[in-house]
$ cat start.cif   # mmCIF, C-alpha atoms
data_final
#
loop_
_atom_site.label_atom_id
_atom_site.label_comp_id
_atom_site.auth_asym_id
_atom_site.auth_seq_id
_atom_site.Cartn_x
_atom_site.Cartn_y
_atom_site.Cartn_z
CA MET A 1 1.89 16.44 -14.70
CA SER A 2 1.43 19.57 -16.80
CA GLU A 3 -2.09 20.54 -17.86
CA GLU A 4 -1.42 19.83 -21.54
CA ASN A 5 -0.25 16.29 -20.71
CA CYS A 6 -3.11 15.54 -18.30
CA THR A 7 -5.08 12.37 -19.12
CA HIS A 8 -7.96 13.50 -16.88
CA ASN A 9 -7.90 10.08 -15.23
CA CYS A 10 -6.90 10.83 -11.64
CA SER A 11 -7.21 7.18 -10.61
CA THR A 12 -3.98 6.39 -12.49
CA CYS A 13 -2.07 9.49 -11.42
CA GLY A 14 -0.27 10.47 -8.24
CA GLU A 15 0.06 14.18 -8.95
CA ASN A 16 -1.49 16.57 -6.43
CA CYS A 17 -2.79 19.10 -8.98
CA SER A 18 -5.77 21.42 -8.69
CA SER A 19 -8.01 19.02 -10.62
CA ARG A 20 -7.18 16.22 -8.23
CA GLN A 21 -7.81 18.36 -5.17
CA THR A 22 -11.39 18.96 -6.26
CA GLU A 23 -12.05 15.29 -6.98
CA GLN A 24 -9.80 13.26 -4.69
CA THR A 25 -12.42 12.49 -2.04
CA SER A 26 -14.57 10.72 -4.66
CA PHE A 27 -12.05 7.89 -4.94
CA GLN A 28 -12.37 6.76 -1.34
CA GLU A 29 -14.36 3.54 -1.05
CA PRO A 30 -16.76 3.35 1.91
CA LEU A 31 -16.87 0.35 4.18
CA ASN A 32 -20.03 -1.72 4.10
CA PRO A 33 -22.47 -0.56 6.80
CA ALA A 34 -21.88 -3.68 8.91
CA SER A 35 -18.13 -3.00 9.28
CA SER A 36 -16.14 -0.69 11.52
CA VAL A 37 -12.44 0.17 11.26
CA LYS A 38 -11.05 3.02 13.37
CA LYS A 39 -7.46 3.39 12.12
CA VAL A 40 -5.80 2.20 8.92
CA ILE A 41 -1.98 1.98 8.82
CA GLY A 42 -0.16 1.17 5.60
CA VAL A 43 3.14 -0.71 5.71
CA VAL A 44 5.21 0.13 2.63
CA SER A 45 8.67 -0.19 1.13
CA GLY A 46 10.38 1.00 -1.99
CA LYS A 47 11.71 -2.48 -2.79
CA GLY A 48 10.95 -6.09 -2.02
CA GLY A 49 12.57 -8.41 0.48
CA VAL A 50 13.05 -5.93 3.32
CA GLY A 51 10.60 -7.47 5.80
CA LYS A 52 7.44 -5.51 5.20
CA SER A 53 5.16 -8.48 5.93
CA LEU A 54 7.14 -9.27 9.08
CA VAL A 55 6.67 -5.73 10.38
CA THR A 56 2.96 -5.83 9.48
CA SER A 57 2.52 -9.09 11.37
CA MET A 58 4.44 -7.98 14.45
CA MET A 59 2.62 -4.63 14.65
CA ALA A 60 -0.75 -6.37 14.55
CA VAL A 61 0.42 -8.82 17.22
CA ARG A 62 1.66 -6.01 19.47
CA MET A 63 -1.59 -4.09 19.17
CA LYS A 64 -3.56 -7.22 19.99
CA ALA A 65 -1.38 -7.81 23.05
CA LEU A 66 -2.29 -4.29 24.23
CA GLY A 67 -5.97 -5.21 24.17
CA LYS A 68 -6.73 -3.60 20.81
CA LYS A 69 -8.66 -5.41 18.13
CA SER A 70 -6.28 -5.63 15.19
CA ALA A 71 -6.57 -6.84 11.62
CA ILE A 72 -4.41 -7.28 8.54
CA LEU A 73 -5.48 -6.61 4.99
CA ASP A 74 -2.88 -8.35 2.84
CA ALA A 75 -2.72 -6.12 -0.23
CA ASP A 76 0.29 -7.96 -1.63
CA ILE A 77 -2.06 -9.94 -3.85
CA THR A 78 0.52 -11.72 -6.00
CA GLY A 79 3.02 -12.35 -3.20
CA PRO A 80 0.96 -13.00 -0.06
CA SER A 81 2.89 -14.26 2.96
CA ILE A 82 0.77 -13.13 5.91
CA PRO A 83 -1.33 -16.34 6.27
CA LYS A 84 1.77 -18.54 6.47
CA ALA A 85 3.33 -16.36 9.17
CA PHE A 86 0.25 -16.98 11.31
CA GLY A 87 -0.06 -20.68 10.48
CA LEU A 88 -3.23 -20.22 8.43
CA GLY A 89 -1.99 -21.55 5.09
CA ASN A 90 -4.88 -21.47 2.61
CA SER A 91 -7.47 -22.29 5.26
CA GLY A 92 -10.22 -20.49 3.37
CA ILE A 93 -12.75 -17.93 4.51
CA GLY A 94 -16.42 -17.98 5.38
CA MET A 95 -19.29 -15.93 4.02
CA THR A 96 -22.15 -14.15 5.74
CA PRO A 97 -25.74 -14.72 4.57
CA ASN A 98 -25.66 -11.38 2.74
CA GLY A 99 -22.48 -12.24 0.84
CA LEU A 100 -19.73 -10.55 2.87
CA MET A 101 -16.42 -12.34 3.32
CA LEU A 102 -15.49 -13.37 6.82
CA PRO A 103 -11.77 -12.87 7.56
CA ALA A 104 -9.72 -15.74 8.91
CA VAL A 105 -8.99 -15.41 12.62
CA THR A 106 -5.61 -16.30 14.13
CA ALA A 107 -5.01 -18.12 17.41
CA THR A 108 -4.97 -14.85 19.37
CA GLY A 109 -7.85 -13.24 17.52
CA ILE A 110 -6.24 -11.15 14.75
CA GLU A 111 -8.49 -10.92 11.69
CA ILE A 112 -6.83 -11.48 8.31
CA ILE A 113 -7.90 -11.32 4.68
CA SER A 114 -5.46 -12.42 1.99
CA SER A 115 -5.55 -13.81 -1.53
CA ASN A 116 -3.78 -16.94 -0.31
CA LEU A 117 -6.82 -17.79 1.81
CA LEU A 118 -8.86 -18.07 -1.38
CA LEU A 119 -6.58 -20.43 -3.32
CA ASP A 120 -6.93 -24.20 -3.61
CA HIS A 121 -3.22 -24.57 -2.85
CA GLU A 122 -1.02 -21.97 -1.17
CA THR A 123 1.60 -22.37 -3.90
CA ASP A 124 -0.86 -21.52 -6.71
CA PRO A 125 0.26 -18.33 -8.48
CA VAL A 126 -2.02 -15.33 -8.78
CA ILE A 127 -1.60 -14.31 -12.43
CA TRP A 128 -3.64 -11.13 -12.68
CA ARG A 129 -3.12 -7.78 -14.34
CA GLY A 130 -2.86 -4.54 -12.38
CA PRO A 131 -6.50 -3.38 -12.58
CA VAL A 132 -7.77 -6.78 -11.39
CA ILE A 133 -5.32 -6.75 -8.48
CA ALA A 134 -6.40 -3.23 -7.54
CA GLY A 135 -10.03 -4.36 -7.69
CA ALA A 136 -9.29 -7.24 -5.32
CA VAL A 137 -7.84 -4.83 -2.77
CA LYS A 138 -11.02 -2.74 -2.91
CA GLN A 139 -13.10 -5.90 -2.46
CA PHE A 140 -11.06 -6.93 0.59
CA TRP A 141 -11.81 -3.51 2.08
CA GLN A 142 -15.46 -3.18 1.11
CA GLU A 143 -16.78 -6.72 0.95
CA THR A 144 -15.26 -8.15 4.14
CA LEU A 145 -17.03 -8.02 7.49
CA TRP A 146 -14.58 -6.07 9.67
CA GLN A 147 -16.09 -5.97 13.14
CA ASP A 148 -15.00 -3.21 15.53
CA ILE A 149 -11.36 -3.10 14.37
CA ASP A 150 -9.20 -0.64 16.28
CA TYR A 151 -6.13 -0.93 14.03
CA MET A 152 -5.97 -2.36 10.53
CA PHE A 153 -2.50 -2.84 9.06
CA VAL A 154 -2.30 -2.99 5.26
CA ASP A 155 0.64 -5.01 3.93
CA MET A 156 1.40 -3.51 0.54
CA PRO A 157 3.57 -4.80 -2.30
CA PRO A 158 6.86 -2.99 -2.89
CA GLY A 159 7.17 0.03 -5.09
CA THR A 160 4.81 2.81 -6.13
CA GLY A 161 2.52 1.04 -8.58
CA ASP A 162 -1.17 0.19 -8.88
CA VAL A 163 -1.77 -1.29 -5.45
CA PRO A 164 -0.15 1.42 -3.29
CA LEU A 165 -1.95 4.02 -5.40
CA THR A 166 -5.25 2.16 -4.95
CA VAL A 167 -4.75 1.85 -1.19
CA PHE A 168 -3.81 5.52 -0.77
CA GLN A 169 -6.80 6.68 -2.83
CA SER A 170 -9.46 4.16 -1.86
CA LEU A 171 -8.81 3.51 1.84
CA PRO A 172 -8.85 6.14 4.61
CA VAL A 173 -5.15 5.66 5.42
CA ASP A 174 -4.26 7.42 8.68
CA GLY A 175 -0.50 6.97 8.26
CA ILE A 176 2.22 4.74 6.86
CA LEU A 177 5.26 2.94 8.20
CA ILE A 178 8.17 2.73 5.76
CA VAL A 179 10.27 -0.43 6.08
CA THR A 180 13.82 -0.55 4.77
CA SER A 181 17.17 -2.29 5.18
CA PRO A 182 20.73 -1.01 5.82
CA GLN A 183 22.15 -1.18 2.27
CA GLU A 184 23.59 1.88 0.54
CA LEU A 185 20.62 2.28 -1.80
CA VAL A 186 18.31 2.91 1.15
CA SER A 187 18.37 6.66 0.53
CA MET A 188 16.86 6.33 -2.94
CA ILE A 189 14.36 3.65 -1.89
CA VAL A 190 13.08 5.61 1.10
CA ALA A 191 12.90 8.80 -0.94
CA LYS A 192 10.57 7.14 -3.46
CA ALA A 193 8.18 5.98 -0.72
CA VAL A 194 8.34 9.34 1.07
CA ASN A 195 7.71 11.33 -2.10
CA MET A 196 4.75 9.18 -3.10
CA ALA A 197 3.17 9.49 0.35
CA ARG A 198 3.61 13.25 0.37
CA LYS A 199 2.15 13.65 -3.11
CA MET A 200 -0.86 11.66 -1.94
CA ASN A 201 -1.12 13.63 1.33
CA ILE A 202 -0.60 10.50 3.45
CA PRO A 203 1.05 11.09 6.87
CA ILE A 204 4.35 9.24 7.42
CA VAL A 205 4.53 7.77 10.92
CA GLY A 206 8.20 6.80 10.70
CA LEU A 207 10.91 4.47 9.42
CA ILE A 208 11.62 0.90 10.52
CA GLU A 209 14.92 -0.70 9.60
CA ASN A 210 14.88 -4.48 9.32
CA MET A 211 17.98 -6.73 9.32
CA SER A 212 19.73 -3.82 10.98
CA TYR A 213 22.46 -5.80 12.76
CA LEU A 214 23.45 -9.21 14.09
CA GLU A 215 24.02 -9.50 17.82
CA CYS A 216 26.86 -11.83 18.83
CA PRO A 217 25.41 -14.51 21.14
CA ASP A 218 28.66 -14.64 23.15
CA CYS A 219 29.65 -11.02 23.74
CA GLY A 220 26.54 -9.08 22.69
CA LYS A 221 28.46 -6.99 20.13
CA LYS A 222 26.31 -5.65 17.28
CA ILE A 223 27.71 -6.63 13.89
CA SER A 224 26.64 -4.67 10.79
CA VAL A 225 26.29 -7.56 8.33
CA PHE A 226 25.14 -5.35 5.44
CA GLY A 227 27.51 -2.49 6.25
CA GLU A 228 26.94 0.54 8.39
CA SER A 229 23.36 1.72 8.57
CA HIS A 230 22.37 4.97 6.86
CA ILE A 231 18.86 5.08 8.26
CA ASP A 232 19.50 7.93 10.70
CA GLU A 233 20.96 10.12 7.95
CA VAL A 234 18.04 9.41 5.65
CA ALA A 235 15.54 10.04 8.45
CA GLY A 236 17.16 13.39 9.18
CA GLU A 237 17.09 14.35 5.53
CA HIS A 238 13.34 13.76 5.33
CA GLN A 239 12.61 14.80 8.92
CA ILE A 240 11.04 11.44 9.76
CA PRO A 241 11.66 9.54 13.02
CA VAL A 242 13.38 6.16 13.12
CA LEU A 243 10.98 4.01 15.12
CA ALA A 244 12.77 0.65 15.21
CA LYS A 245 15.89 -1.24 14.23
CA ILE A 246 15.10 -4.94 14.02
CA PRO A 247 18.10 -7.31 14.20
CA ILE A 248 18.90 -10.38 12.15
CA ASP A 249 17.73 -13.15 14.45
CA PRO A 250 17.19 -16.83 13.53
CA LYS A 251 14.27 -16.90 15.96
CA ILE A 252 12.39 -14.40 13.77
CA ALA A 253 12.81 -16.49 10.61
CA GLN A 254 11.91 -19.65 12.52
CA ALA A 255 8.71 -18.11 13.90
CA VAL A 256 7.57 -16.99 10.43
CA ASP A 257 8.41 -20.36 8.83
CA GLN A 258 6.58 -22.26 11.55
CA GLY A 259 3.55 -19.96 11.53
CA THR A 260 4.10 -18.83 15.11
CA VAL A 261 4.77 -15.13 14.62
CA GLU A 262 2.11 -14.40 17.26
CA TYR A 263 4.40 -15.76 19.94
CA LEU A 264 7.50 -13.86 18.85
CA ASP A 265 8.98 -11.37 21.30
CA SER A 266 9.00 -8.10 19.35
CA GLN A 267 10.17 -5.55 21.89
CA TRP A 268 12.02 -3.66 19.13
CA LEU A 269 8.70 -2.19 18.01
CA ASP A 270 7.85 -0.37 21.26
CA ASP A 271 8.39 3.09 19.76
CA ALA A 272 6.55 2.18 16.55
CA VAL A 273 3.54 1.05 18.55
CA LYS A 274 3.53 4.27 20.58
CA ALA A 275 3.78 6.37 17.40
CA VAL A 276 0.86 4.58 15.79
CA GLN A 277 -1.23 5.01 18.93
CA GLN A 278 -0.59 8.75 18.85
CA ILE A 279 -2.02 9.19 15.37
#

$ encode --input "start.cif" --output "structure tokens"
Amino acid sequence: MSEENCTHNCSTCGENCSSRQTEQTSFQEPLNPASSVKKVIGVVSGKGGVGKSLVTSMMAVRMKALGKKSAILDADITGPSIPKAFGLGNSGIGMTPNGLMLPAVTATGIEIISSNLLLDHETDPVIWRGPVIAGAVKQFWQETLWQDIDYMFVDMPPGTGDVPLTVFQSLPVDGILIVTSPQELVSMIVAKAVNMARKMNIPIVGLIENMSYLECPDCGKKISVFGESHIDEVAGEHQIPVLAKIPIDPKIAQAVDQGTVEYLDSQWLDDAVKAVQQI
């Protein structure tokens, strides 16, 4: 944004101008003194429906399986799906004596905070405006008791609006994973996410392509249901590694629908896990 058009409100702007560089650290919200989170990884996409929540869930599960304490902050306030994937529904949350929220804990010990845990019914809509949604994300970060978390994965809504901007500015994000699908428009979608991250000085860990192919159960041939993938070309253009190509598999959808994502074999994410560990 040019100087003459500057609104002087950096909290609503993604430009990396000189004014922002002198003030940007002031936007970061500190954890409450009782909490501890070592690494924060954002999971983003330029559009909806590409499997961002699935990747978030599986990454947290893989880290937990490696003996790390993992957590999920579901920043997709109006479209939360994380609790259902873990079989939590709207099970509610507890509170500490000093008023901090206690995250829900899954069967294997993953800590989760999500707007759906606070609703009377999991199908109740969250009809809030942008600033209120952004405020809820900050509350999830600041007013939840996160105890000795090694890796927190933040499931963000699609696009480059209020919530991604809030997360990038308010949380100490160590890196992001960009999730996409094989369709032709992937180049534009990935470019939007990449450009936003770079303007906000957020490291990009790599790309993950979901619904990449269908493997024939009889012969093992990989079928490109959505056409040939362009992920490698896009990755080369932006000099970002491709960390995983997740297939279309009925077992994945079944696990999410039944709330058993913790027991899903997710070997496709081996390289993604290694990349996150190297941050």

$ closest_atom_pairs --input "start.cif" --of "range 193-215 of chain A" --to "range 230-242 of chain A" --cutoff "8 Å" --atoms "only C-alpha atoms" --output "tab-separated table"
residue	atom	partner	partner_atom	distance
A:Val194	CA	A:His238	CA	7.9
A:Ile204	CA	A:Ile240	CA	7.4
A:Val205	CA	A:Ile240	CA	7.6
A:Gly206	CA	A:Pro241	CA	5.0
A:Leu207	CA	A:Val242	CA	4.8
A:Ile208	CA	A:Val242	CA	6.1
A:Glu209	CA	A:Ile231	CA	7.1

$ write_last_selection --input "start.cif" --atoms "C-alpha atoms" --output "CSV table (one decimal), keeping the file's coordinate frame"
chain,number,residue,atom,x,y,z
A,194,VAL,CA,8.3,9.3,1.1
A,204,ILE,CA,4.4,9.2,7.4
A,205,VAL,CA,4.5,7.8,10.9
A,206,GLY,CA,8.2,6.8,10.7
A,207,LEU,CA,10.9,4.5,9.4
A,208,ILE,CA,11.6,0.9,10.5
A,209,GLU,CA,14.9,-0.7,9.6

$ closest_residue --input "start.cif" --among "A:Pro158, A:Gly227, A:Gly220, A:Pro103" --to "Ala193 in chain A" --atoms "only C-alpha atoms"
A:Pro158

$ resolve_selection --input "start.cif" --expression "the PyMOL selection byres ((chain A and resi 32-43) around 6)" --output "MDAnalysis selection string"
chainID A and resid 31 44 142 145:155 173:177

$ write_last_selection --input "start.cif" --atoms "C-alpha atoms" --output "short mmCIF file (atom, residue, chain, number, x, y, z; two decimals), in the coordinates of the input"
data_model
loop_
_atom_site.label_atom_id
_atom_site.label_comp_id
_atom_site.auth_asym_id
_atom_site.auth_seq_id
_atom_site.Cartn_x
_atom_site.Cartn_y
_atom_site.Cartn_z
CA LEU A 31 -16.87 0.35 4.18
CA VAL A 44 5.21 0.13 2.63
CA GLN A 142 -15.46 -3.18 1.11
CA LEU A 145 -17.03 -8.02 7.49
CA TRP A 146 -14.58 -6.07 9.67
CA GLN A 147 -16.09 -5.97 13.14
CA ASP A 148 -15.00 -3.21 15.53
CA ILE A 149 -11.36 -3.10 14.37
CA ASP A 150 -9.20 -0.64 16.28
CA TYR A 151 -6.13 -0.93 14.03
CA MET A 152 -5.97 -2.36 10.53
CA PHE A 153 -2.50 -2.84 9.06
CA VAL A 154 -2.30 -2.99 5.26
CA ASP A 155 0.64 -5.01 3.93
CA VAL A 173 -5.15 5.66 5.42
CA ASP A 174 -4.26 7.42 8.68
CA GLY A 175 -0.50 6.97 8.26
CA ILE A 176 2.22 4.74 6.86
CA LEU A 177 5.26 2.94 8.20
#

$ resolve_selection --input "start.cif" --expression "the PyMOL selection byres ((chain A and resi 109) around 12)" --output "list in words"
Ala60, Val61, Met63, Lys64, Ala65, Gly67, Lys68, Lys69, Ser70, Ala71, Ile72, Phe86, Pro103, Ala104, Val105, Thr106, Ala107, Thr108, Ile110, Glu111, Ile112, Gln147, Ile149 and Glu262 of chain A

$ atom_distance --input "start.cif" --atom1 "CA of Pro172 in chain A" --atom2 "CA of Asn90 in chain A"
28.0 Å

$ build_atoms --input "start.cif" --residues "range 133-156 of chain A" --atoms "N, CA, C and O atoms" --output "short mmCIF file (atom, residue, chain, number, x, y, z; two decimals), keeping the file's coordinate frame"
data_model
loop_
_atom_site.label_atom_id
_atom_site.label_comp_id
_atom_site.auth_asym_id
_atom_site.auth_seq_id
_atom_site.Cartn_x
_atom_site.Cartn_y
_atom_site.Cartn_z
N ILE A 133 -5.93 -6.72 -9.81
CA ILE A 133 -5.32 -6.75 -8.48
C ILE A 133 -5.84 -5.58 -7.65
O ILE A 133 -6.20 -5.75 -6.47
N ALA A 134 -5.89 -4.41 -8.24
CA ALA A 134 -6.40 -3.23 -7.54
C ALA A 134 -7.86 -3.44 -7.13
O ALA A 134 -8.29 -3.06 -6.03
N GLY A 135 -8.63 -4.07 -8.00
CA GLY A 135 -10.03 -4.36 -7.69
C GLY A 135 -10.16 -5.32 -6.52
O GLY A 135 -11.08 -5.19 -5.70
N ALA A 136 -9.25 -6.29 -6.43
CA ALA A 136 -9.29 -7.24 -5.32
C ALA A 136 -9.03 -6.55 -3.99
O ALA A 136 -9.66 -6.88 -2.98
N VAL A 137 -8.12 -5.58 -3.99
CA VAL A 137 -7.84 -4.83 -2.77
C VAL A 137 -9.08 -4.08 -2.31
O VAL A 137 -9.44 -4.08 -1.12
N LYS A 138 -9.79 -3.46 -3.25
CA LYS A 138 -11.02 -2.74 -2.91
C LYS A 138 -12.07 -3.70 -2.35
O LYS A 138 -12.80 -3.38 -1.41
N GLN A 139 -12.14 -4.91 -2.94
CA GLN A 139 -13.10 -5.90 -2.46
C GLN A 139 -12.75 -6.34 -1.04
O GLN A 139 -13.65 -6.51 -0.21
N PHE A 140 -11.48 -6.54 -0.76
CA PHE A 140 -11.06 -6.93 0.59
C PHE A 140 -11.49 -5.87 1.60
O PHE A 140 -11.85 -6.18 2.73
N TRP A 141 -11.43 -4.61 1.20
CA TRP A 141 -11.81 -3.51 2.08
C TRP A 141 -13.33 -3.42 2.23
O TRP A 141 -13.86 -3.35 3.34
N GLN A 142 -14.02 -3.44 1.11
CA GLN A 142 -15.46 -3.18 1.11
C GLN A 142 -16.32 -4.39 1.40
O GLN A 142 -17.38 -4.28 2.04
N GLU A 143 -15.91 -5.55 0.93
CA GLU A 143 -16.78 -6.72 0.95
C GLU A 143 -16.37 -7.74 2.01
O GLU A 143 -16.74 -8.92 1.91
N THR A 144 -15.61 -7.30 3.00
CA THR A 144 -15.26 -8.15 4.14
C THR A 144 -15.93 -7.58 5.38
O THR A 144 -16.05 -6.37 5.53
N LEU A 145 -16.39 -8.46 6.25
CA LEU A 145 -17.03 -8.02 7.49
C LEU A 145 -15.94 -7.75 8.53
O LEU A 145 -15.44 -8.67 9.17
N TRP A 146 -15.57 -6.49 8.67
CA TRP A 146 -14.58 -6.07 9.67
C TRP A 146 -15.34 -5.56 10.89
O TRP A 146 -15.96 -4.51 10.84
N GLN A 147 -15.28 -6.30 11.98
CA GLN A 147 -16.09 -5.97 13.14
C GLN A 147 -15.29 -5.26 14.24
O GLN A 147 -14.42 -5.87 14.85
N ASP A 148 -15.57 -3.99 14.44
CA ASP A 148 -15.00 -3.21 15.53
C ASP A 148 -13.47 -3.28 15.58
O ASP A 148 -12.87 -3.51 16.64
N ILE A 149 -12.82 -3.06 14.44
CA ILE A 149 -11.36 -3.10 14.37
C ILE A 149 -10.78 -1.78 14.85
O ILE A 149 -11.16 -0.71 14.37
N ASP A 150 -9.88 -1.84 15.80
CA ASP A 150 -9.20 -0.64 16.28
C ASP A 150 -8.07 -0.23 15.33
O ASP A 150 -7.92 0.95 15.01
N TYR A 151 -7.26 -1.21 14.92
CA TYR A 151 -6.13 -0.93 14.03
C TYR A 151 -6.07 -1.96 12.92
O TYR A 151 -5.93 -3.16 13.18
N MET A 152 -6.18 -1.49 11.69
CA MET A 152 -5.97 -2.36 10.53
C MET A 152 -4.63 -2.01 9.89
O MET A 152 -4.36 -0.85 9.58
N PHE A 153 -3.79 -3.02 9.71
CA PHE A 153 -2.50 -2.84 9.06
C PHE A 153 -2.60 -3.41 7.64
O PHE A 153 -3.03 -4.55 7.45
N VAL A 154 -2.22 -2.60 6.68
CA VAL A 154 -2.30 -2.99 5.26
C VAL A 154 -0.90 -3.31 4.76
O VAL A 154 -0.04 -2.41 4.69
N ASP A 155 -0.66 -4.57 4.45
CA ASP A 155 0.64 -5.01 3.93
C ASP A 155 0.64 -4.81 2.42
O ASP A 155 -0.07 -5.50 1.69
N MET A 156 1.42 -3.85 1.95
CA MET A 156 1.40 -3.51 0.54
C MET A 156 2.59 -4.10 -0.21
O MET A 156 3.65 -4.33 0.38
#
